[in-house]
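Have a look at the structure below, then the notes.
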Amino acid sequence: MGSNATVAALALSKVHELLPSVCEKPDTFLSTIQAVLLSSLCFKASLSKGLGLGMVVFATVIKIPQVLKVARSKSAEGLSLAAMLVEQFGYVYNLATHYRESYPITTYGDFIAIMLQNMALLVLAFKFSKRTAQGVLVVSAFFAMLFFMCSELCPIEWLRFLTTLNALVSLGSRVPQIYANFAARSTGALSVVTTAGMAIGSCARVFTTYMDIPSRRILLGYVTSASCHLTLLTQILMYGGSSSSTASSGKKQELKKKSAKEEEADEGAAVVKSAEEKKKD
């Protein structure tokens with residue numbers, strides 16, 4: 001009995017450590033659950049922290065489907081390289097800002113995982129476009145930029161200024177992709193799993209930022225990002241399968257043109273043969 005009570009007390013203490021500071025911490029599990037549910041402030045804070053932790057875990061695999069899709073097809077067709085570069089720059093300086101401002105890890109832990117997966121996507125995109133050396137240089141530059149911004153060598157005022165551009169960076173990292181999809185009536189190599197995950201994560205991040213970070217400029221950036229990801233997801237649902245259908249229709253048209261040319265050639269040959277026969281007669 002004594003050992004069970006010790007384990008229960010230890011587990012309860014761990015739960016209390018996970019709870020936000022605004023929550024009461026009663027002596028029993030049942031009282032703790034009641035305290036969380038009955039206090040709107042504690043409930044919102046706990047929900048925000050739970051979403052943040054969930055996003056950090058989910059972010060470790062969020063872009064794996066996209067990476068695998070590009071790797072298997074050996075092509076990054078349909079992905080905007082410019083949009084990927086702008087997105088990566090945004091993750092780098094936002095990660096550095098959150099770290100330097102000592103914000104809770106639940107508000108930016110997902111940046112680390114997504115940034116590393118973006119690095120892999122960039123390497124593949126450059127590799128399949130026959131620019132491997134350039135890709136290595138770009139990725140190295142991003143890592144160097146991250147270390148500089150996370151250090152005291154970079155003035156915090158610079159990072160705060162960059163976060164005022166979050167909405168513009170979000171648009172810059174998504175609008176080229178949205179326009180390319182619209183112009184091609186196809187989403188190319190975009191992964192529906194990754195895009196849906198990013199859309200859900202962006203919406204959740206709007207809530208966690210509103211609750212945990214006293215910065216409306218960062219919040220505006222997440223609202224813009226969520227809107228862009230939802231637009232991309234809508235395009236995938238609208239244009240799904242259009243890439244293959246467009247390709248097959250193009251092949252059909254080519255075959256029709258080829259057969260028409262062959263028929264014209266046959267008709268021409270028949271006319272020439274008939275004319276020669278008439279001359280012989």
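We name chains A, B, ... following the order of the structure tokens; residues begin at 1 in each chain, and ligands are numbered from 1 as shown.
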- Leu230 of chain A: which residues within 12 Å, counting only C-alpha atoms, same-chain residues fewer than 5 positions away excluded, as a ChimeraX atom specification? /A:174,178,192,194-203,223-225,235-237
- Message: as a ChimeraX atom specification, please: every residue in segment 33-116 of chain A that a backbone DSSP assignment puts in helix (DSSP H, G or I).
- Response: /A:33-38,40-59,64-73,81-100,105-107,109-116
- Task: Pick out the residues sitting within 10 Å of Glu87 of chain A, and hand them over as a list in words; count only C-alpha atoms, and ignore anything fewer than 6 positions along from it in its own chain.
- Result: Leu81, Met115, Asn118, Val169, Ser170, Leu171, Gly172, Ser173 and Arg174 of chain A
Take the residues just selected and output them with all heavy atoms as a CSV table (one decimal), in the first residue's frame.
chain,number,residue,atom,x,y,z
A,81,LEU,N,10.4,26.4,-55.6
A,81,LEU,CA,11.6,26.6,-54.8
A,81,LEU,C,11.7,27.9,-54.1
A,81,LEU,O,12.2,28.0,-53.0
A,81,LEU,CB,12.8,26.4,-55.8
A,81,LEU,CG,14.2,26.4,-55.2
A,81,LEU,CD1,14.3,25.3,-54.1
A,81,LEU,CD2,15.3,26.3,-56.2
A,115,MET,N,11.9,22.7,-39.7
A,115,MET,CA,13.0,23.3,-40.3
A,115,MET,C,14.0,22.2,-40.8
A,115,MET,O,14.5,22.3,-42.0
A,115,MET,CB,13.8,24.2,-39.3
A,115,MET,CG,14.8,25.0,-40.0
A,115,MET,SD,15.9,25.9,-38.7
A,115,MET,CE,16.7,24.5,-38.0
A,118,ASN,N,12.5,20.6,-43.8
A,118,ASN,CA,12.6,21.5,-45.0
A,118,ASN,C,14.0,21.5,-45.6
A,118,ASN,O,14.1,21.6,-46.8
A,118,ASN,CB,12.3,23.0,-44.5
A,118,ASN,CG,10.8,23.3,-44.5
A,118,ASN,OD1,10.0,22.5,-45.0
A,118,ASN,ND2,10.4,24.3,-43.8
A,169,VAL,N,6.1,37.4,-44.9
A,169,VAL,CA,6.9,36.2,-45.2
A,169,VAL,C,6.0,35.0,-45.4
A,169,VAL,O,6.2,34.2,-46.3
A,169,VAL,CB,7.8,35.9,-44.0
A,169,VAL,CG1,8.5,34.5,-44.2
A,169,VAL,CG2,8.9,37.0,-43.9
A,170,SER,N,4.9,34.9,-44.7
A,170,SER,CA,3.9,33.8,-44.9
A,170,SER,C,3.3,33.9,-46.3
A,170,SER,O,3.2,32.9,-47.0
A,170,SER,CB,2.8,33.9,-43.8
A,170,SER,OG,3.3,33.6,-42.5
A,171,LEU,N,3.0,35.1,-46.7
A,171,LEU,CA,2.4,35.3,-48.0
A,171,LEU,C,3.5,34.9,-49.1
A,171,LEU,O,3.2,34.3,-50.1
A,171,LEU,CB,1.9,36.7,-48.2
A,171,LEU,CG,0.7,37.1,-47.4
A,171,LEU,CD1,0.4,38.6,-47.6
A,171,LEU,CD2,-0.5,36.3,-47.9
A,172,GLY,N,4.7,35.4,-48.8
A,172,GLY,CA,5.8,35.2,-49.8
A,172,GLY,C,6.1,33.7,-49.9
A,172,GLY,O,6.6,33.3,-51.0
A,173,SER,N,5.9,32.9,-48.9
A,173,SER,CA,6.3,31.5,-48.9
A,173,SER,C,5.1,30.6,-49.4
A,173,SER,O,5.3,29.4,-49.7
A,173,SER,CB,6.6,31.0,-47.5
A,173,SER,OG,5.5,31.1,-46.6
A,174,ARG,N,3.9,31.2,-49.6
A,174,ARG,CA,2.8,30.4,-50.0
A,174,ARG,C,2.1,30.9,-51.3
A,174,ARG,O,1.7,30.1,-52.1
A,174,ARG,CB,1.7,30.4,-48.9
A,174,ARG,CG,2.2,29.7,-47.7
A,174,ARG,CD,2.2,28.2,-47.9
A,174,ARG,NE,2.8,27.5,-46.8
A,174,ARG,CZ,4.0,26.9,-46.8
A,174,ARG,NH1,4.7,27.0,-47.9
A,174,ARG,NH2,4.5,26.3,-45.8
- Suppose you want the space between atom CA of Val56 of chain A and atom CA of Ala141 of chain A; what is it in Å?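 Atom CA of Val56 of chain A sits 24.8 Å away from atom CA of Ala141 of chain A.
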- Message: Please list as a PyMOL selection string every residue within 10 Å of Asp212 of chain A, counting only C-alpha atoms and excluding residues in the same chain fewer than 2 positions away.
- Response: chain A and resi 45+48-49+52+103-104+106-107+207-210+214-215
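The closest residue to Phe148 of chain A, picked from A:Gln117, A:Thr97, A:Thr234, A:Ser21 and counting only C-alpha atoms, is A:Thr97.
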- Message: Excluding segment 4-18 of chain A and its own-chain neighbours fewer than 2 positions away, which residues fall within 10 Å of it when counting only C-alpha atoms? Please give them as a VMD selection string.
- Response: chain A and resid 1 to 2 20 to 21 23 to 29 32 46 49 to 50
Save out the residues we just selected, C-alpha atoms, as a PDB file, in the first residue's frame.
ATOM      1  CA  MET A   1       0.000   0.000   0.000  1.00  0.00           C
ATOM      2  CA  GLY A   2       2.791   2.365   0.922  1.00  0.00           C
ATOM      3  CA  PRO A  20       0.170  25.872 -16.318  1.00  0.00           C
ATOM      4  CA  SER A  21       1.011  28.167 -13.421  1.00  0.00           C
ATOM      5  CA  CYS A  23      -4.018  26.337 -12.388  1.00  0.00           C
ATOM      6  CA  GLU A  24      -4.677  25.242  -8.814  1.00  0.00           C
ATOM      7  CA  LYS A  25      -2.915  22.036  -7.772  1.00  0.00           C
ATOM      8  CA  PRO A  26      -5.113  20.026  -5.329  1.00  0.00           C
ATOM      9  CA  ASP A  27      -3.961  16.906  -3.475  1.00  0.00           C
ATOM     10  CA  THR A  28      -5.904  14.299  -5.527  1.00  0.00           C
ATOM     11  CA  PHE A  29      -6.271  13.416  -9.198  1.00  0.00           C
ATOM     12  CA  THR A  32      -7.053  18.277 -10.091  1.00  0.00           C
ATOM     13  CA  SER A  46      -4.006  23.684 -20.259  1.00  0.00           C
ATOM     14  CA  LYS A  49      -0.109  23.754 -23.533  1.00  0.00           C
ATOM     15  CA  GLY A  50      -1.517  20.385 -24.600  1.00  0.00           C
TER      16      GLY A  50
END
- Task: Compare A:Phe43, A:Phe111, A:Phe126, A:Phe143 by their minimum atom-to-atom distance to Glu77 of chain A, counting only C-alpha atoms, and give me the closest one.
- Result: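 Nearest to Glu77 of chain A: A:Phe126.
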With a distance cut-off of 12 Å and only C-alpha atoms, select the neighbouring residues of Leu116 of chain A, excluding the residue or stretch itself and same-chain residues fewer than 3 positions from it, and output the selection as a PDB file with N, CA, C and O atoms, in the first residue's frame.
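Result written to around_31.pdb:
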ATOM      1  N   ALA A  59       4.971  17.433 -35.342  1.00  0.00           N
ATOM      2  CA  ALA A  59       5.852  18.109 -36.304  1.00  0.00           C
ATOM      3  C   ALA A  59       7.046  17.250 -36.707  1.00  0.00           C
ATOM      4  O   ALA A  59       7.634  17.467 -37.764  1.00  0.00           O
ATOM      5  N   THR A  60       7.395  16.266 -35.872  1.00  0.00           N
ATOM      6  CA  THR A  60       8.546  15.420 -36.197  1.00  0.00           C
ATOM      7  C   THR A  60       8.307  14.567 -37.442  1.00  0.00           C
ATOM      8  O   THR A  60       9.263  14.061 -38.037  1.00  0.00           O
ATOM      9  N   VAL A  61       7.040  14.414 -37.832  1.00  0.00           N
ATOM     10  CA  VAL A  61       6.735  13.592 -39.018  1.00  0.00           C
ATOM     11  C   VAL A  61       5.876  14.339 -40.040  1.00  0.00           C
ATOM     12  O   VAL A  61       5.526  13.771 -41.074  1.00  0.00           O
ATOM     13  N   ILE A  62       5.551  15.604 -39.762  1.00  0.00           N
ATOM     14  CA  ILE A  62       4.581  16.326 -40.584  1.00  0.00           C
ATOM     15  C   ILE A  62       4.963  16.400 -42.057  1.00  0.00           C
ATOM     16  O   ILE A  62       4.123  16.311 -42.944  1.00  0.00           O
ATOM     17  N   LYS A  63       6.252  16.542 -42.351  1.00  0.00           N
ATOM     18  CA  LYS A  63       6.669  16.701 -43.746  1.00  0.00           C
ATOM     19  C   LYS A  63       7.318  15.443 -44.328  1.00  0.00           C
ATOM     20  O   LYS A  63       7.778  15.464 -45.467  1.00  0.00           O
ATOM     21  N   ILE A  64       7.325  14.358 -43.557  1.00  0.00           N
ATOM     22  CA  ILE A  64       7.885  13.105 -44.056  1.00  0.00           C
ATOM     23  C   ILE A  64       7.144  12.620 -45.308  1.00  0.00           C
ATOM     24  O   ILE A  64       7.790  12.188 -46.284  1.00  0.00           O
ATOM     25  N   VAL A  67       8.496  14.595 -48.197  1.00  0.00           N
ATOM     26  CA  VAL A  67       9.875  14.201 -48.506  1.00  0.00           C
ATOM     27  C   VAL A  67       9.887  12.871 -49.257  1.00  0.00           C
ATOM     28  O   VAL A  67      10.590  12.716 -50.269  1.00  0.00           O
ATOM     29  N   GLN A  88      11.630  28.660 -45.321  1.00  0.00           N
ATOM     30  CA  GLN A  88      12.740  28.252 -44.457  1.00  0.00           C
ATOM     31  C   GLN A  88      13.344  29.451 -43.735  1.00  0.00           C
ATOM     32  O   GLN A  88      13.677  29.360 -42.544  1.00  0.00           O
ATOM     33  N   TYR A  91      11.134  30.243 -40.791  1.00  0.00           N
ATOM     34  CA  TYR A  91      11.301  29.332 -39.656  1.00  0.00           C
ATOM     35  C   TYR A  91      12.594  29.617 -38.902  1.00  0.00           C
ATOM     36  O   TYR A  91      12.653  29.515 -37.672  1.00  0.00           O
ATOM     37  N   VAL A  92      13.650  29.961 -39.627  1.00  0.00           N
ATOM     38  CA  VAL A  92      14.944  30.218 -38.992  1.00  0.00           C
ATOM     39  C   VAL A  92      14.860  31.412 -38.041  1.00  0.00           C
ATOM     40  O   VAL A  92      15.230  31.307 -36.855  1.00  0.00           O
ATOM     41  N   LEU A  95      12.349  30.803 -35.070  1.00  0.00           N
ATOM     42  CA  LEU A  95      12.928  29.913 -34.069  1.00  0.00           C
ATOM     43  C   LEU A  95      13.916  30.667 -33.194  1.00  0.00           C
ATOM     44  O   LEU A  95      13.890  30.559 -31.951  1.00  0.00           O
ATOM     45  N   GLY A 109       8.734  24.530 -30.411  1.00  0.00           N
ATOM     46  CA  GLY A 109       9.467  23.273 -30.576  1.00  0.00           C
ATOM     47  C   GLY A 109       9.249  22.649 -31.944  1.00  0.00           C
ATOM     48  O   GLY A 109      10.155  21.991 -32.494  1.00  0.00           O
ATOM     49  N   ASP A 110       8.046  22.855 -32.508  1.00  0.00           N
ATOM     50  CA  ASP A 110       7.758  22.287 -33.831  1.00  0.00           C
ATOM     51  C   ASP A 110       8.593  22.941 -34.935  1.00  0.00           C
ATOM     52  O   ASP A 110       8.822  22.338 -35.989  1.00  0.00           O
ATOM     53  N   PHE A 111       9.059  24.184 -34.693  1.00  0.00           N
ATOM     54  CA  PHE A 111       9.892  24.859 -35.704  1.00  0.00           C
ATOM     55  C   PHE A 111      11.149  24.041 -36.004  1.00  0.00           C
ATOM     56  O   PHE A 111      11.583  23.964 -37.153  1.00  0.00           O
ATOM     57  N   ILE A 112      11.732  23.461 -34.944  1.00  0.00           N
ATOM     58  CA  ILE A 112      12.988  22.731 -35.109  1.00  0.00           C
ATOM     59  C   ILE A 112      12.796  21.544 -36.044  1.00  0.00           C
ATOM     60  O   ILE A 112      13.555  21.344 -37.002  1.00  0.00           O
ATOM     61  N   ALA A 113      11.739  20.750 -35.779  1.00  0.00           N
ATOM     62  CA  ALA A 113      11.481  19.560 -36.599  1.00  0.00           C
ATOM     63  C   ALA A 113      11.136  19.930 -38.037  1.00  0.00           C
ATOM     64  O   ALA A 113      11.651  19.326 -38.987  1.00  0.00           O
ATOM     65  N   MET A 119      14.982  21.295 -44.730  1.00  0.00           N
ATOM     66  CA  MET A 119      16.350  21.158 -45.225  1.00  0.00           C
ATOM     67  C   MET A 119      16.461  19.952 -46.159  1.00  0.00           C
ATOM     68  O   MET A 119      17.075  20.023 -47.227  1.00  0.00           O
ATOM     69  N   ALA A 120      15.857  18.836 -45.740  1.00  0.00           N
ATOM     70  CA  ALA A 120      15.871  17.630 -46.569  1.00  0.00           C
ATOM     71  C   ALA A 120      15.158  17.870 -47.898  1.00  0.00           C
ATOM     72  O   ALA A 120      15.630  17.436 -48.965  1.00  0.00           O
ATOM     73  N   LEU A 121      14.026  18.577 -47.869  1.00  0.00           N
ATOM     74  CA  LEU A 121      13.293  18.885 -49.094  1.00  0.00           C
ATOM     75  C   LEU A 121      14.124  19.758 -50.031  1.00  0.00           C
ATOM     76  O   LEU A 121      14.139  19.542 -51.253  1.00  0.00           O
ATOM     77  N   LEU A 122      14.802  20.740 -49.464  1.00  0.00           N
ATOM     78  CA  LEU A 122      15.637  21.621 -50.280  1.00  0.00           C
ATOM     79  C   LEU A 122      16.773  20.853 -50.949  1.00  0.00           C
ATOM     80  O   LEU A 122      17.059  21.041 -52.135  1.00  0.00           O
ATOM     81  N   VAL A 123      17.417  19.957 -50.189  1.00  0.00           N
ATOM     82  CA  VAL A 123      18.507  19.145 -50.757  1.00  0.00           C
ATOM     83  C   VAL A 123      17.991  18.304 -51.919  1.00  0.00           C
ATOM     84  O   VAL A 123      18.612  18.238 -52.992  1.00  0.00           O
ATOM     85  N   VAL A 139      21.718  25.109 -47.850  1.00  0.00           N
ATOM     86  CA  VAL A 139      21.416  24.504 -46.549  1.00  0.00           C
ATOM     87  C   VAL A 139      22.459  24.924 -45.506  1.00  0.00           C
ATOM     88  O   VAL A 139      22.113  25.246 -44.356  1.00  0.00           O
ATOM     89  N   SER A 140      23.720  24.946 -45.891  1.00  0.00           N
ATOM     90  CA  SER A 140      24.787  25.374 -44.973  1.00  0.00           C
ATOM     91  C   SER A 140      24.592  26.823 -44.550  1.00  0.00           C
ATOM     92  O   SER A 140      24.811  27.180 -43.386  1.00  0.00           O
ATOM     93  N   PHE A 142      21.734  28.399 -44.300  1.00  0.00           N
ATOM     94  CA  PHE A 142      20.624  28.469 -43.355  1.00  0.00           C
ATOM     95  C   PHE A 142      21.076  28.059 -41.949  1.00  0.00           C
ATOM     96  O   PHE A 142      20.674  28.672 -40.956  1.00  0.00           O
ATOM     97  N   PHE A 143      21.909  27.019 -41.844  1.00  0.00           N
ATOM     98  CA  PHE A 143      22.401  26.597 -40.539  1.00  0.00           C
ATOM     99  C   PHE A 143      23.274  27.694 -39.912  1.00  0.00           C
ATOM    100  O   PHE A 143      23.176  27.978 -38.711  1.00  0.00           O
ATOM    101  N   LEU A 146      21.068  30.410 -38.623  1.00  0.00           N
ATOM    102  CA  LEU A 146      20.389  30.026 -37.389  1.00  0.00           C
ATOM    103  C   LEU A 146      21.307  30.201 -36.182  1.00  0.00           C
ATOM    104  O   LEU A 146      20.903  30.778 -35.163  1.00  0.00           O
TER     105      LEU A 146
END
- Task: Give me, please, the distance in Å between atom CA of Leu30 of chain A and atom CA of Phe58 of chain A, quoted to one decimal.
- Result: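 The value is 28.9 Å.
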- Message: Need to verify the contact set: Asn181 of chain A, 9 Å, only C-alpha atoms, exclusion of same-chain residues closer than 2 positions in sequence. Can you return it as number ranges by chain?
- Response: A: 78, 176-179, 183-188, 232, 235-236, 239
Residues as selected, all heavy atoms, written as a short mmCIF file (atom, residue, chain, number, x, y, z; two decimals), in the first residue's frame, can you do that?
data_model
loop_
_atom_site.label_atom_id
_atom_site.label_comp_id
_atom_site.auth_asym_id
_atom_site.auth_seq_id
_atom_site.Cartn_x
_atom_site.Cartn_y
_atom_site.Cartn_z
N GLY A 78 6.19 20.89 -59.42
CA GLY A 78 4.99 21.38 -58.74
C GLY A 78 5.30 22.10 -57.45
O GLY A 78 4.45 22.83 -56.93
N PRO A 176 3.43 32.13 -54.14
CA PRO A 176 3.99 31.55 -55.38
C PRO A 176 3.49 30.13 -55.64
O PRO A 176 3.19 29.76 -56.78
CB PRO A 176 5.50 31.57 -55.12
CG PRO A 176 5.71 32.68 -54.16
CD PRO A 176 4.51 32.63 -53.26
N GLN A 177 3.38 29.33 -54.57
CA GLN A 177 2.88 27.96 -54.72
C GLN A 177 1.40 27.95 -55.09
O GLN A 177 0.96 27.19 -55.96
CB GLN A 177 3.08 27.19 -53.43
CG GLN A 177 2.70 25.72 -53.51
CD GLN A 177 3.63 24.92 -54.39
OE1 GLN A 177 4.78 24.76 -54.07
NE2 GLN A 177 3.12 24.43 -55.51
N ILE A 178 0.63 28.83 -54.45
CA ILE A 178 -0.81 28.92 -54.74
C ILE A 178 -1.03 29.34 -56.18
O ILE A 178 -1.87 28.77 -56.90
CB ILE A 178 -1.48 29.91 -53.77
CG1 ILE A 178 -1.48 29.34 -52.34
CG2 ILE A 178 -2.91 30.21 -54.21
CD1 ILE A 178 -1.94 30.32 -51.28
N TYR A 179 -0.26 30.33 -56.64
CA TYR A 179 -0.39 30.81 -58.02
C TYR A 179 0.02 29.72 -59.02
O TYR A 179 -0.64 29.53 -60.05
CB TYR A 179 0.44 32.06 -58.24
CG TYR A 179 0.39 32.55 -59.67
CD1 TYR A 179 -0.73 33.22 -60.16
CD2 TYR A 179 1.45 32.31 -60.55
CE1 TYR A 179 -0.80 33.64 -61.48
CE2 TYR A 179 1.40 32.73 -61.86
CZ TYR A 179 0.27 33.39 -62.33
OH TYR A 179 0.21 33.81 -63.64
N ALA A 183 -2.31 28.28 -61.92
CA ALA A 183 -1.97 28.39 -63.34
C ALA A 183 -1.92 27.03 -64.02
O ALA A 183 -2.33 26.89 -65.18
CB ALA A 183 -0.61 29.11 -63.49
N ALA A 184 -1.43 26.02 -63.30
CA ALA A 184 -1.28 24.68 -63.89
C ALA A 184 -2.54 23.83 -63.69
O ALA A 184 -2.63 22.75 -64.28
CB ALA A 184 -0.09 23.97 -63.27
N ARG A 185 -3.48 24.33 -62.90
CA ARG A 185 -4.66 23.53 -62.54
C ARG A 185 -4.24 22.16 -62.00
O ARG A 185 -4.87 21.14 -62.25
CB ARG A 185 -5.58 23.35 -63.75
CG ARG A 185 -6.26 24.62 -64.24
CD ARG A 185 -7.24 25.16 -63.18
NE ARG A 185 -8.06 26.24 -63.69
CZ ARG A 185 -7.70 27.51 -63.70
NH1 ARG A 185 -6.50 27.85 -63.24
NH2 ARG A 185 -8.51 28.45 -64.15
N SER A 186 -3.12 22.18 -61.26
CA SER A 186 -2.56 20.95 -60.70
C SER A 186 -1.71 21.31 -59.49
O SER A 186 -1.14 22.39 -59.44
CB SER A 186 -1.70 20.22 -61.74
OG SER A 186 -0.94 19.19 -61.15
N THR A 187 -1.65 20.39 -58.53
CA THR A 187 -0.82 20.62 -57.34
C THR A 187 0.48 19.82 -57.39
O THR A 187 1.22 19.79 -56.42
CB THR A 187 -1.60 20.24 -56.07
OG1 THR A 187 -2.13 18.92 -56.19
CG2 THR A 187 -2.75 21.22 -55.85
N GLY A 188 0.76 19.19 -58.51
CA GLY A 188 2.05 18.53 -58.72
C GLY A 188 2.42 17.57 -57.61
O GLY A 188 1.67 16.67 -57.25
N LEU A 232 -4.15 26.17 -49.87
CA LEU A 232 -3.43 25.09 -50.55
C LEU A 232 -4.17 23.77 -50.42
O LEU A 232 -4.25 22.99 -51.39
CB LEU A 232 -2.02 24.95 -49.95
CG LEU A 232 -1.00 26.00 -50.37
CD1 LEU A 232 0.28 25.86 -49.53
CD2 LEU A 232 -0.66 25.87 -51.85
N GLN A 235 -6.99 23.73 -52.82
CA GLN A 235 -6.53 23.49 -54.18
C GLN A 235 -6.26 22.01 -54.42
O GLN A 235 -6.58 21.49 -55.50
CB GLN A 235 -5.26 24.31 -54.45
CG GLN A 235 -5.51 25.80 -54.62
CD GLN A 235 -4.24 26.54 -54.99
OE1 GLN A 235 -3.16 26.27 -54.46
NE2 GLN A 235 -4.35 27.48 -55.92
N ILE A 236 -5.66 21.33 -53.45
CA ILE A 236 -5.40 19.89 -53.61
C ILE A 236 -6.71 19.14 -53.78
O ILE A 236 -6.83 18.24 -54.62
CB ILE A 236 -4.61 19.35 -52.41
CG1 ILE A 236 -3.19 19.88 -52.42
CG2 ILE A 236 -4.58 17.82 -52.41
CD1 ILE A 236 -2.34 19.43 -51.25
N TYR A 239 -8.08 20.20 -57.37
CA TYR A 239 -7.31 19.77 -58.54
C TYR A 239 -6.83 18.33 -58.42
O TYR A 239 -6.03 17.88 -59.24
CB TYR A 239 -6.08 20.66 -58.74
CG TYR A 239 -6.41 22.12 -58.92
CD1 TYR A 239 -5.57 23.11 -58.41
CD2 TYR A 239 -7.56 22.54 -59.59
CE1 TYR A 239 -5.86 24.46 -58.57
CE2 TYR A 239 -7.86 23.88 -59.75
CZ TYR A 239 -7.00 24.84 -59.23
OH TYR A 239 -7.28 26.16 -59.39
#
- Would you work out the distance separating atom CA of Ala82 of chain A from atom CA of Tyr99 of chain A, expressed in Å to one decimal?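 Between atom CA of Ala82 of chain A and atom CA of Tyr99 of chain A the gap works out to 26.1 Å.
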